[in-house]
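Asker: Hey, dropping start.cif in here, mmCIF, C-alpha atoms:
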data_upload
loop_
_atom_site.label_atom_id
_atom_site.label_comp_id
_atom_site.auth_asym_id
_atom_site.auth_seq_id
_atom_site.Cartn_x
_atom_site.Cartn_y
_atom_site.Cartn_z
CA MET E 1 -36.19 96.56 98.76
CA ASP E 2 -34.42 96.00 102.12
CA THR E 3 -33.82 92.40 101.09
CA LEU E 4 -32.43 93.43 97.70
CA SER E 5 -30.16 95.97 99.39
CA ALA E 6 -28.87 93.34 101.82
CA LEU E 7 -28.34 90.85 98.98
CA ASN E 8 -26.40 93.49 97.05
CA VAL E 9 -24.10 94.06 100.04
CA PHE E 10 -23.62 90.29 100.34
CA LEU E 11 -22.93 89.97 96.58
CA GLN E 12 -20.31 92.73 96.65
CA ALA E 13 -18.59 91.22 99.70
CA ALA E 14 -18.62 87.71 98.26
CA GLU E 15 -17.22 88.78 94.90
CA ALA E 16 -14.64 91.12 96.43
CA GLY E 17 -13.62 88.61 99.10
CA SER E 18 -13.36 91.50 101.55
CA PHE E 19 -15.72 93.64 103.62
CA VAL E 20 -13.33 96.57 103.16
CA GLU E 21 -13.35 96.31 99.37
CA ALA E 22 -17.13 95.84 99.32
CA ALA E 23 -17.46 98.98 101.44
CA ARG E 24 -15.29 100.91 98.97
CA ARG E 25 -17.43 99.78 96.04
CA LEU E 26 -20.67 100.66 97.83
CA GLY E 27 -19.43 103.92 99.28
CA VAL E 28 -20.11 102.96 102.89
CA SER E 29 -17.98 102.04 105.92
CA PRO E 30 -16.65 98.49 106.47
CA SER E 31 -18.62 98.31 109.72
CA ALA E 32 -21.84 99.06 107.81
CA VAL E 33 -21.09 96.15 105.50
CA GLY E 34 -20.39 93.86 108.45
CA LYS E 35 -23.65 94.85 110.18
CA ALA E 36 -25.68 94.34 106.98
CA ILE E 37 -24.21 90.85 106.53
CA ALA E 38 -24.90 90.03 110.19
CA ARG E 39 -28.55 91.10 109.84
CA LEU E 40 -28.93 89.03 106.68
CA GLU E 41 -27.45 85.96 108.39
CA LEU E 42 -29.81 86.46 111.31
CA ARG E 43 -32.79 86.73 108.95
CA LEU E 44 -31.77 83.59 107.04
CA GLY E 45 -30.77 81.67 110.14
CA THR E 46 -27.40 80.58 108.74
CA ARG E 47 -23.81 81.76 108.45
CA LEU E 48 -22.80 83.00 105.02
CA PHE E 49 -19.08 83.63 105.64
CA HIS E 50 -16.25 82.07 107.57
CA ARG E 51 -14.48 85.09 109.10
CA SER E 52 -10.91 85.54 110.31
CA THR E 53 -8.90 88.65 111.15
CA ARG E 54 -7.42 88.68 107.65
CA SER E 55 -9.99 87.16 105.29
CA ILE E 56 -13.52 85.95 104.70
CA ALA E 57 -14.63 82.81 102.87
CA LEU E 58 -18.06 81.65 101.80
CA THR E 59 -19.77 78.82 103.64
CA ALA E 60 -21.65 76.20 101.61
CA GLU E 61 -24.85 78.15 102.25
CA GLY E 62 -23.09 81.35 101.23
CA SER E 63 -21.98 79.81 97.93
CA LEU E 64 -25.57 78.77 97.19
CA LEU E 65 -26.86 82.24 98.00
CA LEU E 66 -24.17 83.82 95.82
CA GLU E 67 -25.33 81.82 92.81
CA ARG E 68 -28.96 82.75 93.41
CA SER E 69 -28.09 86.40 94.03
CA ARG E 70 -26.26 86.64 90.72
CA ARG E 71 -29.35 85.35 88.93
CA ILE E 72 -31.60 87.78 90.78
CA PHE E 73 -29.50 90.82 89.94
CA ALA E 74 -29.07 89.66 86.34
CA GLU E 75 -32.87 89.63 86.03
CA VAL E 76 -33.12 93.05 87.67
CA ASP E 77 -30.49 94.40 85.27
CA ALA E 78 -32.27 92.86 82.26
CA ALA E 79 -35.63 94.30 83.34
CA THR E 80 -34.05 97.73 83.80
CA ARG E 81 -32.48 97.61 80.32
CA GLU E 82 -35.78 96.49 78.78
CA MET E 83 -37.63 99.39 80.37
CA SER E 84 -34.93 101.76 79.17
CA LEU E 85 -35.07 100.39 75.63
CA SER E 86 -38.87 100.60 75.55
CA GLN E 87 -38.59 104.36 75.98
CA GLU E 88 -36.12 104.84 73.13
CA ARG E 89 -37.26 105.96 69.70
CA PRO E 90 -36.57 103.34 67.02
CA ARG E 91 -33.49 104.38 65.09
CA GLY E 92 -30.49 102.96 63.24
CA ARG E 93 -29.87 100.40 60.50
CA LEU E 94 -32.37 97.53 60.24
CA ARG E 95 -31.22 94.58 58.11
CA ILE E 96 -34.16 92.62 56.73
CA SER E 97 -34.25 89.52 54.53
CA LEU E 98 -37.32 89.18 52.31
CA PRO E 99 -38.40 86.50 49.86
CA LEU E 100 -38.21 87.44 46.20
CA VAL E 101 -41.96 88.00 46.33
CA GLY E 102 -41.10 90.65 48.91
CA MET E 103 -41.30 93.35 46.24
CA LEU E 104 -45.04 92.95 46.64
CA LEU E 105 -44.68 93.96 50.30
CA MET E 106 -43.24 97.35 49.36
CA PRO E 107 -46.41 99.34 50.23
CA SER E 108 -46.08 98.19 53.86
CA LEU E 109 -42.34 98.88 53.88
CA SER E 110 -42.92 102.34 52.44
CA ALA E 111 -45.47 103.06 55.15
CA PHE E 112 -42.98 101.90 57.79
CA MET E 113 -40.36 104.31 56.42
CA ARG E 114 -42.81 107.20 56.72
CA ALA E 115 -43.73 106.21 60.28
CA TYR E 116 -40.10 105.69 61.41
CA PRO E 117 -37.84 108.06 59.47
CA ASP E 118 -34.89 107.43 61.83
CA VAL E 119 -34.72 103.75 60.86
CA GLU E 120 -32.54 102.91 57.85
CA LEU E 121 -33.85 99.82 56.05
CA ASP E 122 -31.30 97.45 54.47
CA LEU E 123 -33.33 95.00 52.36
CA ASP E 124 -31.95 91.70 51.07
CA PHE E 125 -34.19 89.84 48.60
CA THR E 126 -33.58 86.09 48.34
CA ASP E 127 -35.50 82.83 48.50
CA ARG E 128 -32.58 80.88 49.91
CA VAL E 129 -32.66 79.74 53.52
CA VAL E 130 -30.66 82.32 55.46
CA ASP E 131 -29.12 81.88 58.90
CA VAL E 132 -30.76 84.77 60.71
CA VAL E 133 -28.30 84.82 63.60
CA GLU E 134 -25.03 83.96 61.86
CA GLU E 135 -25.64 86.31 58.91
CA GLY E 136 -26.59 89.21 61.15
CA PHE E 137 -30.17 89.84 60.06
CA ASP E 138 -32.43 91.79 62.40
CA ALA E 139 -35.54 90.13 60.98
CA VAL E 140 -36.53 87.78 58.16
CA VAL E 141 -39.89 87.42 56.36
CA ARG E 142 -40.57 83.93 55.05
CA THR E 143 -43.32 81.42 54.28
CA GLY E 144 -43.63 78.08 56.06
CA GLU E 145 -42.78 76.88 59.56
CA VAL E 146 -39.87 77.87 61.80
CA SER E 147 -38.06 75.32 63.97
CA ASP E 148 -34.90 77.20 65.05
CA SER E 149 -35.00 77.61 68.84
CA ARG E 150 -32.80 80.71 68.55
CA LEU E 151 -35.59 82.60 66.82
CA MET E 152 -38.80 84.31 67.81
CA THR E 153 -41.64 84.17 65.28
CA ARG E 154 -44.92 85.92 64.56
CA MET E 155 -47.39 84.93 61.88
CA LEU E 156 -48.34 87.75 59.53
CA GLY E 157 -51.18 85.85 57.92
CA GLN E 158 -52.36 82.80 56.01
CA PHE E 159 -52.84 82.73 52.28
CA GLU E 160 -54.13 80.56 49.46
CA HIS E 161 -53.13 80.19 45.83
CA ARG E 162 -55.16 80.93 42.72
CA VAL E 163 -54.83 79.80 39.12
CA VAL E 164 -55.39 82.92 37.04
CA GLY E 165 -55.27 84.25 33.51
CA ALA E 166 -56.31 87.36 31.60
CA PRO E 167 -59.87 87.55 30.20
CA GLU E 168 -58.58 87.87 26.63
CA TYR E 169 -56.44 84.75 27.11
CA PHE E 170 -59.45 82.70 28.19
CA ASP E 171 -61.54 84.18 25.36
CA ARG E 172 -58.86 82.93 22.97
CA MET E 173 -57.96 79.58 24.58
CA GLY E 174 -61.09 78.67 26.51
CA TYR E 175 -61.68 78.32 30.25
CA PRO E 176 -60.30 75.24 32.02
CA ASN E 177 -63.16 73.64 33.95
CA ILE E 178 -61.24 70.72 35.46
CA PRO E 179 -57.51 70.35 36.20
CA GLU E 180 -57.03 68.04 33.25
CA ASP E 181 -58.05 70.90 30.92
CA LEU E 182 -54.72 72.59 31.70
CA ALA E 183 -53.05 70.17 29.26
CA GLY E 184 -54.12 72.49 26.46
CA HIS E 185 -52.94 75.72 28.09
CA ALA E 186 -49.74 77.73 28.32
CA CYS E 187 -48.80 77.32 31.99
CA LEU E 188 -46.38 79.83 33.49
CA GLN E 189 -44.62 78.15 36.39
CA HIS E 190 -42.57 79.22 39.40
CA ARG E 191 -39.19 77.53 39.91
CA TYR E 192 -37.59 77.58 43.37
CA PRO E 193 -34.16 79.22 42.96
CA SER E 194 -32.82 77.32 45.98
CA ASN E 195 -33.23 73.85 44.43
CA GLY E 196 -34.41 74.36 40.85
CA LYS E 197 -37.67 72.46 41.40
CA LEU E 198 -41.01 73.66 40.10
CA GLU E 199 -43.56 74.76 42.68
CA ARG E 200 -46.44 72.38 42.29
CA TRP E 201 -49.94 73.70 41.69
CA PRO E 202 -52.11 72.64 44.68
CA LEU E 203 -54.92 71.05 42.68
CA TYR E 204 -56.93 68.26 44.30
CA ARG E 205 -59.98 66.19 43.51
CA GLY E 206 -61.16 65.42 46.99
CA ASP E 207 -58.02 64.29 48.82
CA ILE E 208 -56.27 63.13 45.65
CA PHE E 209 -53.56 65.40 44.24
CA VAL E 210 -54.12 66.03 40.52
CA GLY E 211 -51.70 68.91 39.92
CA GLY E 212 -48.72 66.78 38.92
CA ASP E 213 -49.06 66.92 35.12
CA VAL E 214 -49.31 70.66 34.53
CA PRO E 215 -47.48 71.53 31.28
CA VAL E 216 -44.69 74.09 31.21
CA ALA E 217 -44.67 77.02 28.80
CA LEU E 218 -42.30 79.18 30.84
CA THR E 219 -40.53 79.09 34.21
CA ALA E 220 -39.30 81.95 36.37
CA SER E 221 -37.55 82.11 39.71
CA THR E 222 -39.67 85.07 40.89
CA LEU E 223 -43.42 85.67 40.77
CA GLU E 224 -43.45 89.13 39.22
CA PRO E 225 -42.70 87.92 35.64
CA LEU E 226 -45.40 85.26 35.91
CA ILE E 227 -47.98 87.84 37.00
CA TYR E 228 -46.83 90.31 34.34
CA LEU E 229 -47.08 87.78 31.51
CA ALA E 230 -50.42 86.41 32.74
CA GLU E 231 -51.87 89.94 32.76
CA ARG E 232 -50.82 90.31 29.12
CA GLY E 233 -52.52 87.15 27.96
CA GLN E 234 -49.44 84.93 27.62
CA GLY E 235 -50.84 82.08 29.71
CA VAL E 236 -52.15 80.96 33.09
CA THR E 237 -50.19 80.89 36.31
CA CYS E 238 -50.65 79.81 39.92
CA VAL E 239 -49.53 82.32 42.58
CA PRO E 240 -50.48 83.35 46.14
CA LEU E 241 -53.77 85.21 46.16
CA PHE E 242 -52.43 88.16 48.14
CA THR E 243 -49.95 88.92 45.34
CA ILE E 244 -52.71 89.39 42.73
CA ARG E 245 -55.70 90.64 44.72
CA PRO E 246 -55.67 94.10 43.01
CA GLN E 247 -55.58 92.49 39.54
CA ILE E 248 -58.51 90.22 40.41
CA GLU E 249 -60.53 93.12 41.84
CA ALA E 250 -59.87 95.08 38.64
CA SER E 251 -60.76 92.04 36.46
CA LEU E 252 -57.31 92.10 34.89
CA LEU E 253 -56.92 88.48 35.98
CA LEU E 254 -59.67 85.91 36.41
CA PRO E 255 -59.40 82.94 38.82
CA VAL E 256 -60.23 79.48 37.50
CA LEU E 257 -60.34 75.97 39.00
CA THR E 258 -60.87 77.47 42.46
CA PRO E 259 -62.99 74.51 43.74
CA TYR E 260 -59.98 72.24 43.11
CA ILE E 261 -57.43 74.35 45.00
CA LYS E 262 -56.46 73.09 48.43
CA SER E 263 -53.65 75.04 50.07
CA THR E 264 -52.97 77.27 53.03
CA GLY E 265 -49.61 78.96 53.23
CA LYS E 266 -48.27 80.99 56.15
CA LEU E 267 -46.25 84.17 55.97
CA ARG E 268 -44.09 84.75 59.05
CA ILE E 269 -41.60 87.21 60.39
CA VAL E 270 -38.77 85.84 62.53
CA TRP E 271 -36.03 87.56 64.51
CA PRO E 272 -33.26 86.51 66.89
CA SER E 273 -34.46 85.56 70.35
CA SER E 274 -33.24 87.99 72.98
CA ARG E 275 -34.26 89.28 76.37
CA GLN E 276 -33.83 92.82 75.04
CA VAL E 277 -35.50 93.25 71.66
CA SER E 278 -34.28 96.55 70.23
CA PRO E 279 -36.88 99.29 69.66
CA LYS E 280 -36.30 99.23 65.88
CA VAL E 281 -36.96 95.46 65.64
CA ARG E 282 -39.99 95.63 67.93
CA ALA E 283 -41.40 98.55 65.92
CA PHE E 284 -40.86 96.73 62.61
CA VAL E 285 -42.46 93.47 63.78
CA ASP E 286 -45.48 95.23 65.29
CA PHE E 287 -45.92 97.53 62.29
CA LEU E 288 -45.74 94.76 59.70
CA ALA E 289 -48.14 92.55 61.66
CA ALA E 290 -50.66 95.40 61.83
CA ASP E 291 -50.23 96.85 58.33
CA LEU E 292 -49.64 93.87 56.06
CA THR E 293 -52.71 92.14 54.64
CA VAL E 294 -52.13 88.64 53.31
CA SER E 295 -55.09 86.74 54.76
CA ASP E 296 -57.38 85.82 51.90
CA SER E 297 -60.98 86.49 51.16
CA THR E 298 -63.19 84.26 49.05
CA ALA E 299 -61.82 85.52 45.71
#
Please express the file's structure as structure tokens.

Answerer:
Amino acid sequence: MDTLSALNVFLQAAEAGSFVEAARRLGVSPSAVGKAIARLELRLGTRLFHRSTRSIALTAEGSLLLERSRRIFAEVDAATREMSLSQERPRGRLRISLPLVGMLLMPSLSAFMRAYPDVELDLDFTDRVVDVVEEGFDAVVRTGEVSDSRLMTRMLGQFEHRVVGAPEYFDRMGYPNIPEDLAGHACLQHRYPSNGKLERWPLYRGDIFVGGDVPVALTASTLEPLIYLAERGQGVTCVPLFTIRPQIEASLLLPVLTPYIKSTGKLRIVWPSSRQVSPKVRAFVDFLAADLTVSDSTA
């Protein structure tokens, strides 16, 4: 602490260019500043200032120490702010971008609202690639990898896909036993709104992809209509398992072709990198990571 105190006196004198002004800022006498600098020079074994009756100027060693001192006190200031923020209760507006499938994350978001009533959620649902920093989002939930060095990331879980249909649909149309059997089925497909392409069904025979010739009975840019129509016997669809786990457990939807599915997706939350993560962002990231269940079982 003595060293930090001496460095602070040196920093004030160097930036003020005057022992008198440094003394005024610190609330001590000019002689106290001069003695503190002299003791620091003695400890370091070098002169830090060129002194005259009217002015002081940094030596080369003093300039080097000034640069290092600024870094030290910046770190001290950052650590102090972090500790202060960690004691604050999460509050304020929290702007979150979610994929269109994000409606299926609403139970976790509802639980977060109950746990943190002082946080106002502002939810933006889109599958386009958003610029987290430039568009002012506090956090973004997305699938896939993240390569932006400006962002921090935390994986919420891994997931697989399932090809599913209603029991009455399969009773009427028959069960597909191999991928090629899909040629005779009404396939409800997801279309990426960002580029208009169909999301391919991850069907493989060994290492050979065989999901390229799936017929199209209907396309939708969100998953909810596909799940809704599949539940009502309108066809088969391929969606992430975590989005239909309740329907499978209730036998409203039955998985087929599971041995041929080969996919592992990742759901992540990302937020702007910062030395001081606000309490509301930290609370949201930690809560979602603990509450949200997307990792798949053997269904």

Asker: Name the residues in contact with E:Glu134 at a cut-off of 12 Å, using all atoms listed in the file, excluding same-chain residues fewer than 6 positions from it; report them as a list in words.

Answerer: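 Surrounding residues, per the criterion: Arg150, Leu151, Trp271 and Pro272 of chain E.
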
Asker: Keeping only C-alpha atoms, take the residues you just selected and write them out as a short mmCIF file (atom, residue, chain, number, x, y, z; two decimals), in the frame of the given file.

Answerer:
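Wrote out14.cif, looks like this:
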data_model
loop_
_atom_site.label_atom_id
_atom_site.label_comp_id
_atom_site.auth_asym_id
_atom_site.auth_seq_id
_atom_site.Cartn_x
_atom_site.Cartn_y
_atom_site.Cartn_z
CA ARG E 150 -32.80 80.71 68.55
CA LEU E 151 -35.59 82.60 66.82
CA TRP E 271 -36.03 87.56 64.51
CA PRO E 272 -33.26 86.51 66.89
#

Asker: On this structure, the PyMOL selection byres ((chain E and resi 49) around 8) would catch which residues? List them as a list in words, sorted by chain and number.

Answerer: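 For this structure, the PyMOL selection byres ((chain E and resi 49) around 8) resolves to Arg47, Leu48, His50, Arg51, Ile56, Ala57, Leu58, Thr59 and Gly62 of chain E.
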
Asker: Within 8 Å of (-53.8, 79.7, 50.0) (file coordinates; all atoms listed in the file), which protein or nucleic acid residues are there? I'd like them as a list in words.

Answerer: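 Those residues lying close to the given coordinates are Gln158, Phe159, Glu160, His161, Arg162, Pro240, Leu241, Lys262, Ser263, Thr264, Gly265 and Asp296 of chain E.
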
Asker: In Å to one decimal, how far is atom CA of E:Ala79 from atom CA of E:Arg95?

Answerer: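 If I compute the distance from atom CA of E:Arg95 to atom CA of E:Ala79, I get 25.6 Å.
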
Asker: For E:Pro259, find every residue with an atom within 12 Å (counting all atoms listed in the file), except residues of its own chain fewer than 4 positions away, and show them as a short mmCIF file (atom, residue, chain, number, x, y, z; two decimals) with C-alpha atoms, in the coordinates of the input.

Answerer:
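Dumped to selection-v3.cif:
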data_model
loop_
_atom_site.label_atom_id
_atom_site.label_comp_id
_atom_site.auth_asym_id
_atom_site.auth_seq_id
_atom_site.Cartn_x
_atom_site.Cartn_y
_atom_site.Cartn_z
CA HIS E 161 -53.13 80.19 45.83
CA ARG E 162 -55.16 80.93 42.72
CA VAL E 163 -54.83 79.80 39.12
CA ASN E 177 -63.16 73.64 33.95
CA ILE E 178 -61.24 70.72 35.46
CA PRO E 179 -57.51 70.35 36.20
CA PRO E 202 -52.11 72.64 44.68
CA LEU E 203 -54.92 71.05 42.68
CA TYR E 204 -56.93 68.26 44.30
CA ARG E 205 -59.98 66.19 43.51
CA GLY E 206 -61.16 65.42 46.99
CA PRO E 255 -59.40 82.94 38.82
CA SER E 263 -53.65 75.04 50.07
CA THR E 298 -63.19 84.26 49.05
CA ALA E 299 -61.82 85.52 45.71
#

Asker: Give the answer as one residue: which of E:Phe284, E:Leu7, E:Arg172, E:Arg93 has the shortest atom-to-atom distance to E:Ala111, using all atoms listed in the file?

Answerer: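 Distance minimum relative to E:Ala111 lands on E:Phe284.
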
Asker: Rounded to one decimal place, report the atom CA of E:Leu254-atom CA of E:Leu109 distance in Å.

Answerer: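 If I compute the distance from atom CA of E:Leu254 to atom CA of E:Leu109, I get 27.8 Å.
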
Asker: Using Å and a single decimal, report how far atom CA of E:Ala139 sits from atom CA of E:Tyr228.

Answerer: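 Between atom CA of E:Tyr228 and atom CA of E:Ala139 the gap works out to 28.9 Å.
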
Asker: Using only C-alpha atoms, which of the listed residues (E:Gly165, E:Gly157, E:Pro90, E:Gly211) sits closest to E:Phe242?

Answerer: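 The closest residue to E:Phe242 is E:Gly157.
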
Asker: Going by the chain IDs and residue numbers used in this file, which residues fall under the PyMOL selection byres ((chain E and resi 234) around 10)? Write them as a PyMOL selection string.

Answerer: chain E and resi 165-166+168-169+185-188+217-218+226-233+235-237

Asker: Store the residues of this selection in a file with C-alpha atoms, as a CSV table (one decimal), keeping the file's coordinate frame.

Answerer:
chain,number,residue,atom,x,y,z
E,165,GLY,CA,-55.3,84.2,33.5
E,166,ALA,CA,-56.3,87.4,31.6
E,168,GLU,CA,-58.6,87.9,26.6
E,169,TYR,CA,-56.4,84.8,27.1
E,185,HIS,CA,-52.9,75.7,28.1
E,186,ALA,CA,-49.7,77.7,28.3
E,187,CYS,CA,-48.8,77.3,32.0
E,188,LEU,CA,-46.4,79.8,33.5
E,217,ALA,CA,-44.7,77.0,28.8
E,218,LEU,CA,-42.3,79.2,30.8
E,226,LEU,CA,-45.4,85.3,35.9
E,227,ILE,CA,-48.0,87.8,37.0
E,228,TYR,CA,-46.8,90.3,34.3
E,229,LEU,CA,-47.1,87.8,31.5
E,230,ALA,CA,-50.4,86.4,32.7
E,231,GLU,CA,-51.9,89.9,32.8
E,232,ARG,CA,-50.8,90.3,29.1
E,233,GLY,CA,-52.5,87.2,28.0
E,235,GLY,CA,-50.8,82.1,29.7
E,236,VAL,CA,-52.2,81.0,33.1
E,237,THR,CA,-50.2,80.9,36.3

Asker: Residues at most 12 Å from stretch 29-31 of chain E, counting all atoms listed in the file, excluding those fewer than 3 positions away in the same chain, as a list in words?

Answerer: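 Those residues are Val9, Gln12, Ala13, Ser18, Phe19, Val20, Glu21, Ala22, Ala23, Arg24, Arg25, Leu26, Gly34, Lys35, Ala36, Ile37 and Ala38 of chain E.
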
Asker: Can you work out which one of E:Arg71, E:Lys266, E:Gly27, E:Pro99 has the shortest atom-to-atom distance to E:Thr126, counting all atoms listed in the file?

Answerer: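 Comparing E:Arg71, E:Lys266, E:Gly27, E:Pro99 against E:Thr126, the winner is E:Pro99.
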
Asker: Enclose stretch 171-177 of chain E, meaning all of its atoms listed in the file, in a box aligned along x, y and z, pad it by 5 Å on each side, and list the centre and edge lengths in Å to one decimal, as AutoDock Vina command-line options.

Answerer:
--center_x -60.6 --center_y 78.9 --center_z 28.5 --size_x 15.2 --size_y 20.5 --size_z 21.0

Asker: Go ahead and find all residues with at least one atom no further than 6 Å from (-41.1, 78.4, 39.7) in the file's coordinates, using all atoms listed in the file; report them as a list of chain:residue names.

Answerer: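 Residues close enough to count: E:Gln189, E:His190, E:Arg191, E:Tyr192, E:Leu198, E:Glu199, E:Thr219, E:Ala220, E:Ser221.
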
Asker: Pick out the closest residue to E:Glu224 from this set: E:Val239, E:Ala60, E:Val119, E:Ile261. Count all atoms listed in the file.

Answerer: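 Using all atoms listed in the file, E:Glu224 sits closest to E:Val239.
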